[in-house]
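A.B. asks: Just run-v6.cif, nothing more (mmCIF, C-alpha atoms):
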```cif
data_entry
loop_
_atom_site.label_atom_id
_atom_site.label_comp_id
_atom_site.auth_asym_id
_atom_site.auth_seq_id
_atom_site.Cartn_x
_atom_site.Cartn_y
_atom_site.Cartn_z
CA MET A 1 100.90 2.85 -48.40
CA SER A 2 99.05 0.38 -50.52
CA PRO A 3 95.41 0.80 -51.59
CA ASN A 4 94.59 -2.11 -49.39
CA ASP A 5 95.38 -0.05 -46.34
CA ARG A 6 92.07 1.82 -46.83
CA SER A 7 90.17 -1.33 -46.07
CA SER A 8 91.93 -1.64 -42.83
CA ALA A 9 90.87 1.88 -41.67
CA PRO A 10 88.14 1.88 -39.04
CA LEU A 11 84.67 2.44 -40.41
CA ARG A 12 83.30 5.90 -39.52
CA SER A 13 79.78 5.91 -38.34
CA SER A 14 77.44 7.48 -40.90
CA ARG A 15 74.29 9.05 -39.48
CA GLY A 16 71.25 10.62 -41.17
CA PHE A 17 68.55 12.85 -39.70
CA THR A 18 65.90 11.58 -37.43
CA LEU A 19 62.26 12.01 -38.35
CA ALA A 20 61.87 14.68 -35.67
CA GLU A 21 64.76 16.71 -37.06
CA ILE A 22 63.35 16.53 -40.57
CA MET A 23 59.92 17.59 -39.39
CA ILE A 24 61.27 20.53 -37.41
CA GLY A 25 63.43 21.61 -40.33
CA ALA A 26 60.52 21.34 -42.73
CA ALA A 27 58.28 23.31 -40.39
CA ILE A 28 60.83 26.09 -40.10
CA GLY A 29 61.27 26.08 -43.87
CA VAL A 30 57.55 26.33 -44.49
CA PHE A 31 57.28 29.10 -41.92
CA VAL A 32 60.06 31.11 -43.57
CA ILE A 33 58.66 30.60 -47.07
CA ALA A 34 55.19 31.59 -45.92
CA GLY A 35 56.61 34.75 -44.39
CA LEU A 36 58.51 35.56 -47.55
CA LEU A 37 55.46 35.04 -49.75
CA THR A 38 53.30 37.17 -47.48
CA SER A 39 55.88 39.94 -47.51
CA TYR A 40 56.15 39.66 -51.26
CA LEU A 41 52.41 40.01 -51.72
CA LEU A 42 52.25 42.95 -49.33
CA ILE A 43 55.07 44.66 -51.18
CA ILE A 44 53.26 44.18 -54.46
CA ARG A 45 50.07 45.62 -53.00
CA SER A 46 51.98 48.55 -51.57
CA GLY A 47 53.54 49.10 -54.96
CA TYR A 48 50.13 49.28 -56.61
CA ALA A 49 48.88 51.63 -53.90
CA ILE A 50 51.91 53.91 -54.29
CA SER A 51 51.47 53.94 -58.04
CA ASN A 52 47.79 54.81 -57.64
CA TYR A 53 48.54 57.56 -55.13
CA ALA A 54 51.12 59.08 -57.46
CA GLU A 55 48.73 59.03 -60.39
CA MET A 56 45.86 60.52 -58.37
CA ASP A 57 48.13 63.19 -56.95
CA GLN A 58 49.32 64.12 -60.41
CA GLN A 59 45.80 64.30 -61.80
CA SER A 60 44.31 66.27 -58.93
CA ARG A 61 47.19 68.78 -58.94
CA LYS A 62 46.90 69.30 -62.67
CA ALA A 63 43.12 69.66 -62.50
CA ILE A 64 43.17 72.13 -59.64
CA GLU A 65 46.00 74.10 -61.21
CA GLN A 66 44.02 74.44 -64.43
CA PHE A 67 40.88 75.33 -62.50
CA GLY A 68 42.80 77.95 -60.53
CA ILE A 69 44.20 79.63 -63.64
CA ASP A 70 40.74 80.41 -64.94
CA ALA A 71 39.13 81.04 -61.54
CA ARG A 72 41.70 83.67 -60.63
CA MET A 73 41.12 85.54 -63.89
CA ALA A 74 37.34 85.27 -63.83
CA SER A 75 35.38 88.46 -63.94
CA ALA A 76 32.08 86.62 -63.61
CA PHE A 77 30.80 83.12 -63.10
CA VAL A 78 27.58 81.18 -63.20
CA SER A 79 26.97 77.91 -61.43
CA LYS A 80 24.56 75.10 -62.08
CA THR A 81 23.15 72.98 -59.32
CA ASN A 82 21.59 69.56 -59.18
CA SER A 83 18.26 68.69 -57.61
CA SER A 84 19.77 68.66 -54.13
CA GLY A 85 21.28 72.10 -54.53
CA ALA A 86 24.89 71.01 -54.92
CA VAL A 87 26.91 72.90 -57.53
CA ILE A 88 27.81 70.55 -60.36
CA SER A 89 29.36 73.03 -62.78
CA VAL A 90 30.72 76.54 -62.90
CA THR A 91 31.13 78.72 -65.97
CA PHE A 92 33.77 81.43 -65.76
CA THR A 93 34.06 84.49 -67.94
CA VAL A 94 37.75 85.06 -68.48
CA PRO A 95 39.68 87.49 -70.63
CA ASP A 96 40.75 86.29 -74.08
CA ASN A 97 41.54 82.62 -73.45
CA TYR A 98 38.32 81.29 -74.97
CA ALA A 99 37.52 83.90 -77.59
CA SER A 100 35.51 81.51 -79.76
CA THR A 101 33.06 80.87 -76.94
CA SER A 102 32.56 84.42 -75.71
CA ASN A 103 35.45 83.99 -73.29
CA GLU A 104 33.51 81.45 -71.30
CA VAL A 105 34.79 78.16 -69.95
CA THR A 106 32.92 75.59 -67.91
CA TYR A 107 34.28 73.22 -65.30
CA ALA A 108 31.93 70.38 -64.50
CA TYR A 109 31.58 67.01 -62.87
CA ASP A 110 30.15 64.04 -64.73
CA ALA A 111 28.96 61.77 -61.94
CA ASP A 112 28.08 58.93 -64.31
CA ASP A 113 31.50 58.66 -65.89
CA GLU A 114 33.25 60.05 -62.79
CA TRP A 115 35.06 62.72 -64.78
CA PHE A 116 36.07 66.23 -63.88
CA TYR A 117 36.38 68.16 -67.08
CA LEU A 118 36.50 71.57 -68.69
CA VAL A 119 34.79 72.60 -71.87
CA PRO A 120 34.98 75.95 -73.64
CA GLY A 121 31.65 77.75 -73.53
CA ASP A 122 28.74 77.63 -71.16
CA GLY A 123 28.65 73.85 -70.97
CA SER A 124 25.72 73.36 -73.34
CA SER A 125 28.06 71.67 -75.81
CA LEU A 126 30.86 69.22 -75.10
CA SER A 127 32.90 70.33 -78.11
CA GLY A 128 36.50 70.76 -77.03
CA GLN A 129 35.99 68.87 -73.79
CA GLN A 130 39.15 68.15 -71.81
CA ILE A 131 39.02 65.55 -69.10
CA LEU A 132 41.10 66.81 -66.20
CA ALA A 133 40.69 63.88 -63.83
CA ARG A 134 39.18 60.42 -64.02
CA ASP A 135 37.67 58.17 -61.37
CA VAL A 136 36.52 61.20 -59.42
CA THR A 137 34.12 59.75 -56.88
CA SER A 138 33.03 63.09 -55.49
CA LEU A 139 33.48 66.72 -56.40
CA ALA A 140 32.22 69.89 -54.77
CA PHE A 141 32.39 73.53 -55.75
CA ASN A 142 32.08 75.71 -52.68
CA ARG A 143 31.29 79.40 -52.95
CA LEU A 144 32.53 81.86 -50.35
CA ASP A 145 31.74 85.54 -50.07
CA SER A 146 34.19 88.38 -49.48
CA SER A 147 34.20 87.69 -45.75
CA GLY A 148 35.08 84.04 -46.29
CA ALA A 149 31.66 82.74 -45.31
CA ALA A 150 29.88 80.14 -47.39
CA THR A 151 27.28 81.54 -49.75
CA SER A 152 24.76 79.99 -52.09
CA SER A 153 24.64 83.02 -54.34
CA ASP A 154 26.83 83.45 -57.40
CA SER A 155 26.51 87.22 -57.26
CA THR A 156 27.96 87.51 -53.76
CA ALA A 157 30.61 84.83 -54.23
CA LYS A 158 34.17 86.13 -54.34
CA VAL A 159 36.02 82.90 -53.65
CA ILE A 160 35.55 79.55 -55.34
CA GLN A 161 36.77 76.31 -53.87
CA CYS A 162 37.11 72.99 -55.66
CA VAL A 163 37.26 69.78 -53.65
CA LEU A 164 37.65 66.53 -55.52
CA THR A 165 38.14 63.01 -54.31
CA LEU A 166 39.70 60.42 -56.55
CA THR A 167 39.56 56.68 -55.99
CA ARG A 168 41.65 53.98 -57.58
CA THR A 169 41.32 50.22 -57.36
CA ALA A 170 43.90 47.87 -58.82
CA VAL A 171 44.27 44.11 -58.91
CA THR A 172 45.27 42.66 -55.51
CA SER A 173 45.16 46.14 -54.04
CA VAL A 174 42.65 47.75 -51.71
CA PRO A 175 40.96 50.92 -53.03
CA VAL A 176 42.87 54.09 -52.27
CA THR A 177 41.47 57.60 -52.24
CA GLN A 178 42.98 61.03 -52.45
CA THR A 179 41.31 64.36 -51.83
CA GLY A 180 42.61 67.51 -53.42
CA THR A 181 41.44 71.03 -52.79
CA GLY A 182 42.11 74.42 -54.24
CA THR A 183 40.74 77.75 -53.09
CA PHE A 184 40.92 80.77 -55.37
CA VAL A 185 39.88 84.37 -55.14
CA MET A 186 38.20 85.59 -58.31
CA ARG A 187 40.24 88.74 -58.39
CA ASN A 188 38.45 90.42 -61.25
CA LYS A 189 34.97 89.69 -59.99
CA SER A 190 33.20 92.45 -58.16
CA MET B 1 75.87 31.78 -40.28
CA ALA B 2 73.49 31.32 -43.20
CA ALA B 3 70.52 31.91 -40.94
CA PHE B 4 72.12 35.05 -39.63
CA VAL B 5 72.67 36.40 -43.16
CA MET B 6 69.11 35.57 -44.13
CA VAL B 7 67.64 37.24 -41.06
CA MET B 8 69.77 40.32 -41.64
CA GLY B 9 68.67 40.44 -45.25
CA LEU B 10 65.00 40.18 -44.35
CA ALA B 11 65.26 42.72 -41.57
CA THR B 12 67.02 45.18 -43.84
CA THR B 13 64.40 44.72 -46.55
CA ILE B 14 61.54 45.30 -44.15
CA ALA B 15 63.25 48.35 -42.64
CA ALA B 16 63.87 49.83 -46.08
CA LEU B 17 60.25 49.21 -47.05
CA GLN B 18 59.05 50.84 -43.86
CA ARG B 19 61.20 53.92 -44.47
CA GLY B 20 59.90 54.15 -48.02
CA LEU B 21 56.30 54.03 -46.90
CA MET B 22 57.06 56.61 -44.24
CA SER B 23 58.45 58.93 -46.89
CA LEU B 24 55.26 58.44 -48.87
CA ASP B 25 53.22 59.33 -45.81
CA THR B 26 55.30 62.47 -45.34
CA ALA B 27 54.82 63.44 -48.97
CA ARG B 28 51.07 63.02 -48.76
CA ASN B 29 50.90 65.01 -45.53
CA LEU B 30 52.98 67.71 -47.14
CA THR B 31 50.46 67.92 -49.95
CA THR B 32 47.66 68.35 -47.43
CA ALA B 33 49.65 70.96 -45.53
CA SER B 34 50.24 72.87 -48.75
CA GLN B 35 46.53 72.88 -49.51
CA VAL B 36 45.72 74.20 -46.03
CA MET B 37 48.29 76.99 -46.39
CA GLN B 38 47.18 77.76 -49.93
CA TYR B 39 43.68 78.28 -48.57
CA GLU B 40 44.90 80.63 -45.86
CA VAL B 41 47.06 82.70 -48.18
CA GLU B 42 44.27 82.94 -50.71
CA MET B 43 41.84 84.08 -48.05
CA LEU B 44 44.37 86.67 -46.98
CA ARG B 45 43.80 88.35 -50.32
CA ILE B 46 40.26 89.31 -49.39
CA GLN B 47 41.27 90.91 -46.09
CA ASN B 48 41.73 94.64 -45.82
CA TRP B 49 44.80 96.39 -44.46
CA ASP B 50 43.17 97.27 -41.15
CA THR B 51 42.51 93.61 -40.47
CA VAL B 52 45.91 92.37 -41.55
CA SER B 53 47.87 95.07 -39.75
CA ALA B 54 46.13 94.07 -36.53
CA TYR B 55 47.37 90.47 -36.69
CA SER B 56 49.44 89.38 -33.72
CA SER B 57 53.22 89.08 -33.96
CA THR B 58 53.11 85.93 -31.85
CA ALA B 59 52.05 82.61 -33.28
CA THR B 60 48.27 82.52 -33.26
CA SER B 61 46.42 79.24 -33.67
CA LEU B 62 43.81 79.27 -36.40
CA ALA B 63 40.89 76.98 -36.92
CA LEU B 64 41.35 74.54 -39.75
CA PRO B 65 39.25 75.49 -42.77
CA ALA B 66 35.92 73.71 -42.86
CA VAL B 67 36.84 71.63 -45.85
CA PHE B 68 39.73 70.10 -43.88
CA SER B 69 38.17 69.93 -40.45
CA GLY B 70 35.59 67.60 -41.98
CA MET B 71 38.30 65.07 -42.78
CA PRO B 72 39.00 63.03 -39.62
CA SER B 73 42.50 62.04 -40.71
CA VAL B 74 43.40 65.70 -41.18
CA ALA B 75 41.48 67.31 -38.34
CA SER B 76 43.02 65.08 -35.71
CA ARG B 77 46.62 65.54 -36.83
CA PHE B 78 47.01 68.96 -38.42
CA SER B 79 47.12 72.40 -36.86
CA ILE B 80 47.92 75.82 -38.25
CA THR B 81 49.31 79.01 -36.80
CA ARG B 82 49.77 82.51 -38.16
CA THR B 83 52.52 84.96 -37.30
CA ALA B 84 52.56 88.54 -38.55
CA THR B 85 55.51 90.88 -38.41
CA LEU B 86 55.59 94.52 -39.36
CA VAL B 87 58.50 94.69 -41.80
CA HIS B 88 58.28 98.44 -42.12
CA SER B 89 55.53 100.98 -42.21
CA GLY B 90 52.81 99.77 -44.56
CA MET B 91 54.11 96.23 -45.02
CA MET B 92 53.48 93.06 -43.04
CA GLU B 93 55.19 89.71 -43.33
CA ILE B 94 52.68 86.94 -42.74
CA GLN B 95 53.78 83.40 -42.06
CA PHE B 96 51.46 80.43 -41.95
CA THR B 97 52.84 77.28 -40.39
CA VAL B 98 51.12 73.93 -40.54
CA SER B 99 52.25 71.22 -38.14
CA TRP B 100 51.27 67.62 -38.18
CA LYS B 101 52.20 64.28 -36.73
CA ASN B 102 53.40 61.51 -38.95
CA TYR B 103 52.33 57.98 -38.22
CA ASP B 104 55.66 57.35 -36.52
CA GLY B 105 54.88 60.12 -34.04
CA ARG B 106 57.30 62.70 -35.40
CA THR B 107 55.99 66.23 -35.60
CA LEU B 108 56.73 67.98 -38.87
CA SER B 109 55.89 71.46 -40.07
CA ARG B 110 56.01 73.58 -43.18
CA SER B 111 55.44 77.28 -43.67
CA TYR B 112 54.29 79.69 -46.33
CA VAL B 113 55.46 83.27 -46.12
CA THR B 114 53.91 86.21 -47.87
CA TYR B 115 54.08 89.95 -47.68
CA TYR B 116 50.99 92.07 -47.42
CA ALA B 117 51.49 95.70 -48.33
CA GLU B 118 49.01 98.41 -47.74
CA ASP B 119 48.73 98.85 -51.50
CA GLY B 120 49.02 95.26 -52.71
CA LEU B 121 49.98 91.68 -52.07
CA TYR B 122 52.97 89.78 -53.30
CA ASP B 123 52.76 86.13 -54.11
CA TYR B 124 53.77 83.59 -51.50
CA VAL B 125 56.79 81.37 -51.19
CA SER B 126 57.31 78.06 -49.45
CA LYS B 127 59.72 78.01 -46.56
#
```
What is this structure when it is put down as structure tokens?
C.D. replies:
Amino acid sequence: MSPNDRSSAPLRSSRGFTLAEIMIGAAIGVFVIAGLLTSYLLIIRSGYAISNYAEMDQQSRKAIEQFGIDARMASAFVSKTNSSGAVISVTFTVPDNYASTSNEVTYAYDADDEWFYLVPGDGSSLSGQQILARDVTSLAFNRLDSSGAATSSDSTAKVIQCVLTLTRTAVTSVPVTQTGTGTFVMRNKS
Amino acid sequence: MAAFVMVMGLATTIAALQRGLMSLDTARNLTTASQVMQYEVEMLRIQNWDTVSAYSSTATSLALPAVFSGMPSVASRFSITRTATLVHSGMMEIQFTVSWKNYDGRTLSRSYVTYYAEDGLYDYVSK
């Protein structure tokens, strides 16, 4: 077969795409890409939310655990209230752990900085302050008596409850909140 | 063929993401359930033996603690029961079980078990 035979082969028809086909293909492509981008953004936002939840969970657990250690040992406690009567800090008297401050430790909420913290002593000084949780948007100390009923008196309180709500906001993510609670009997308190 | 592979890939990704988020939901609900049970066990400590020994051996529904019943997402989905069994004279086994519905409709539950003796209380374990 000589090379010239190729020229004698019948010409095959060569067809492109019609305008309609291109437009439909482009529309489908745009639709798929838009879906992928949306999913991608949602996944990123979910990732931020999950990360925030994990961090808040860690902080609230640690804070409540620390609070519980001292609350369970407390033989006495004194609370301070704000102008509306809500308890904003509690000072426990515990055996031995805070010898330099008469065995007193205070747990308090700083609404301005949104911190939940402890400080050795009666809270009059912030020396030795440890921040237990940040971005705490609300915190409540509830006092219960020996029958489990709410009380507004420190002397009749036998149970102390800490309820804190943390909020986190990250770029591209909606704010997420987490509420942690811990309820503890002050076993050494009469 | 290519479209089929792409659709399968996307569907698998979305399904995996959904399962992951569901696991997160379960973990968060488990945290809430633990806090409810921790409250109940702690409050058990201030009960006297006469009260505890009179607890029913059948599952008894309890009201959610006030701090939780004020949270709509908890109050509408969580419930708690208490079962008490006399292990032997002077000792009760108390079990608290919290049940809740996940967002996919599945009902899950977790329990705390503790022993209450006439002369003291042991710490609780998760079950």
A.B. asks: Using all atoms listed in the file, I'd like every residue of chain A that has an atom within 8 Å of chain B; please write them out as a PDB file with C-alpha atoms, in the coordinates of the input.
C.D. replies:
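The resulting result.pdb:
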```
ATOM      1  CA  ILE A  50      51.910  53.910 -54.290  1.00  0.00           C
ATOM      2  CA  SER A 146      34.190  88.380 -49.480  1.00  0.00           C
ATOM      3  CA  SER A 147      34.200  87.690 -45.750  1.00  0.00           C
ATOM      4  CA  GLY A 148      35.080  84.040 -46.290  1.00  0.00           C
ATOM      5  CA  GLY A 180      42.610  67.510 -53.420  1.00  0.00           C
ATOM      6  CA  THR A 181      41.440  71.030 -52.790  1.00  0.00           C
ATOM      7  CA  GLY A 182      42.110  74.420 -54.240  1.00  0.00           C
ATOM      8  CA  THR A 183      40.740  77.750 -53.090  1.00  0.00           C
ATOM      9  CA  PHE A 184      40.920  80.770 -55.370  1.00  0.00           C
ATOM     10  CA  VAL A 185      39.880  84.370 -55.140  1.00  0.00           C
TER      11      VAL A 185
END
```
A.B. asks: Report the centre and edge lengths, in Å to one decimal, of an axis-aligned box enclosing every atom of range 75-81 of chain B listed in the file, padded by 3 Å on each side, as JSON.
C.D. replies:
```
{"center_x": 45.4, "center_y": 72.0, "center_z": -37.1, "size_x": 13.8, "size_y": 19.9, "size_z": 8.7}
```
A.B. asks: Quick one: which residues end up in the PyMOL selection byres ((chain A and resi 114) around 10) for this structure, as a list in words?
C.D. replies: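 Output of the PyMOL selection byres ((chain A and resi 114) around 10): Tyr109, Asp110, Ala111, Asp112, Asp113, Trp115, Phe116, Tyr117, Ala133, Arg134, Asp135, Val136, Thr137, Ser138, Leu139, Leu166 and Thr167 of chain A.
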A.B. asks: Do you have the CA of Gly20 in chain B-CA of Arg168 in chain A distance handy?
C.D. replies: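 Interatomic distance here is 20.6 Å.
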A.B. asks: Which is closest to Gln178 in chain A among A:Gln129, A:Gln58, A:Thr38, A:Ser46, if we use only C-alpha atoms?
C.D. replies: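 Ranking A:Gln129, A:Gln58, A:Thr38, A:Ser46 by distance to Gln178 in chain A, first place goes to A:Gln58.
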A.B. asks: May I ask for the distance between CA of Ser125 in chain A and CA of Val87 in chain A, given in Å to one decimal place?
C.D. replies: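 Result for CA of Ser125 in chain A versus CA of Val87 in chain A: 18.4 Å, one decimal.
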A.B. asks: Please list as number ranges by chain every residue within 7 Å of range 86-101 of chain B, counting all atoms listed in the file and excluding residues in the same chain fewer than 2 positions away.
C.D. replies: B: 33, 37, 53, 77-84, 103, 105-118
